[in-house]
Amino acid sequence: MAAQFGRRLRKGAATTAAAALAVAALSASQAPGATSGDTGRRANAGASSSVPNGAGSADGATGNSPYYTDLPPLNSPNPSASPTASSPSIGTAVSRGAAEAGIPATVLDAYKKAEAELRGSKPGCNLPWQLLAAIGKVESGQARGGDVDAEGNTLHRILGPQLDGNGFALIPDTDGGKYDGNSQYDQAVGPMQFIPSTWAWAGRDGNGDGVKDPNNVYDAALAAGHYLCRNGWDLSVQADMNSAILSYNNSQDYLNLVLSWYEFYRKGTHSVPDGTGTVPSHRSDGSTGSGSGSGSGGSTPKPAQNTPKPTEPTPSAPGTTPTPPPTATDTVDHLEDAGTATLTATAGDAFGKQISTRAETKTGRAVAKVRVRFTIVGDTDATFSGGEKTAAVVTDSKGVAVAPALQAGEKTGDFTVRTGVVGRTVKGVDYTATVTARAADTLALVNTTAPTCTPGGEFADQVQAKATYQGAVAGKVAATATLIKSADDTSENDKGPYFKDADGNAVRTLTDLQTDADGLLTLPQLYADDTTGTFLLRITTTGGATLTVELTVAAADPSPSPSPSASASAPASAPASPSASASPSGSASS
């Protein structure tokens, strides 16, 4: 349901130019880097202006049209409602509720898609979507609280005042009334309040329908992103961000206000249904309630401006609220699966299949041109291609939306992809996707010599193995190494070779091993106790690859005996011939 633009009109709101200036001053006091005494650089509202000619125009993207001055919630406790001498009352305080952080779903999606497109086309710009949200809040109250259809088209024109020189710049018509319905003077148009002369060169097609329309939030957000990213600006540099914002609307008050909302959205925001966003009420020209986004902008519109768009209802009698015609989104009753296959992928790989979902009416008829949102939920680091956790896709003529390809991360297990219709709450479909661990089916020993060691020593070489899967290198595959008792008994051995833990203690099982990017697994240093013999080391991987390595612990061969001396090698000498006196009787001496 479209948001009623004036529903948050505050009693006692400032209605004079002095009150508007006070609100702007308060904005400046909240803004990062704001300094007291800053008088602003806004062009004289009553001065005439020539038609802007593009980048660098003094009138910027909006032609210096009025903007909303409502401030984001304060971080400090709510101030007292009673005025004080140091803080006089300037009208009813702006809302400080949590609802201010909510951004209508389609509008938020448009900002994030614009950031993603600029990340690819102009990566050096570093555009944050929160900056687009801040400008969108200030320019149109987030497309008048999300008064858009599922395709991002505004359900009612959002127009600034006609720039006829009567209190505003003078910009004669440049688009023949194509965008603003005014063939005499230009008016700022759409969610990001582009004047037609700027849109002529800055416009973009953000939703891929082949049309560049400032009244479409996807087109307008992308155009604003490119507008802010010109001139080589790097928005991660504060000076460049300031220059880009001032090029959008050349006013220091405007800069301070946008920066305040930018910081607010950076601290956290959330999606709310289209048409339920909060709508600001204070404007820089001192008017309240209507204005930028009201269709009249606080000035008397030309007759052409009251001509309804083809998609708008004919105005009802005075005092009644017209009912917008139903959109395609309004007819959706539920979402159905459209033949999605089993979703499985190995860690780090892309899923081979994509999710297909069909939007249907209550009677089962397909609904085309409906924006379906896909959201990844659960404890997973999987993303859609491009690194996003969410994606919105428009259904085709058969009512089918095909989600972008899923990319598995490193976390294994199941996660869910949840579907829904942007701007509606209907029964969706949950899809389960599974990420499996990397696997190897073959392990081969890299060492060229058998690992050997002497008792009590350490093995000279670390054991290395190469893992493959279906012939290809198997990198980042989990593995386990265990010193087992025998080929038939694979329980852990209690003697023989061992590894050491961090404390130097003997361990004979290692878990949490992993092959490197080249599939190579290098085990830690192995040591031997005093037991000799042949021992077995078994390595296994995810996927079932197994390798058994023989380890030998043996005493060193004895050193060969030194060469004996000549005397040692000769036979023992015969005893000396006894002396004659000693000879036995009967000897030759007789």
# chains A, B, ... in the order shown; residues from 1 in each chain; ligands from 1
>>> residues_around(residues="Gln187 of chain A", least_positions_apart="4", cutoff="7 Å", atoms="only C-alpha atoms", output="MDAnalysis selection string")
chainID A and resid 159:163 180 195
>>> residues_around(residues="Val393 of chain A", least_positions_apart="2", cutoff="8 Å", atoms="only C-alpha atoms", output="PDB file with C-alpha atoms, in the first residue's frame")
ATOM      1  CA  ARG A 371      10.793  -9.011  -8.475  1.00  0.00           C
ATOM      2  CA  VAL A 372      11.741 -12.145  -6.516  1.00  0.00           C
ATOM      3  CA  ARG A 373      14.341 -11.875  -3.778  1.00  0.00           C
ATOM      4  CA  ALA A 391      19.789 -11.117  -5.128  1.00  0.00           C
ATOM      5  CA  THR A 395      10.248 -12.977 -13.367  1.00  0.00           C
ATOM      6  CA  ALA A 401      12.953 -16.023 -11.827  1.00  0.00           C
ATOM      7  CA  VAL A 402      16.354 -17.746 -12.033  1.00  0.00           C
ATOM      8  CA  ALA A 403      18.730 -16.862  -9.215  1.00  0.00           C
TER       9      ALA A 403
END
>>> closest_residue(among="A:Leu443, A:Cys453, A:Leu235, A:Ala368", to="Cys125 of chain A", atoms="only C-alpha atoms")
A:Leu235
>>> closest_residue(among="A:Asn64, A:Ile245, A:Gly141, A:Ala440", to="Ala169 of chain A", atoms="only C-alpha atoms")
A:Asn64
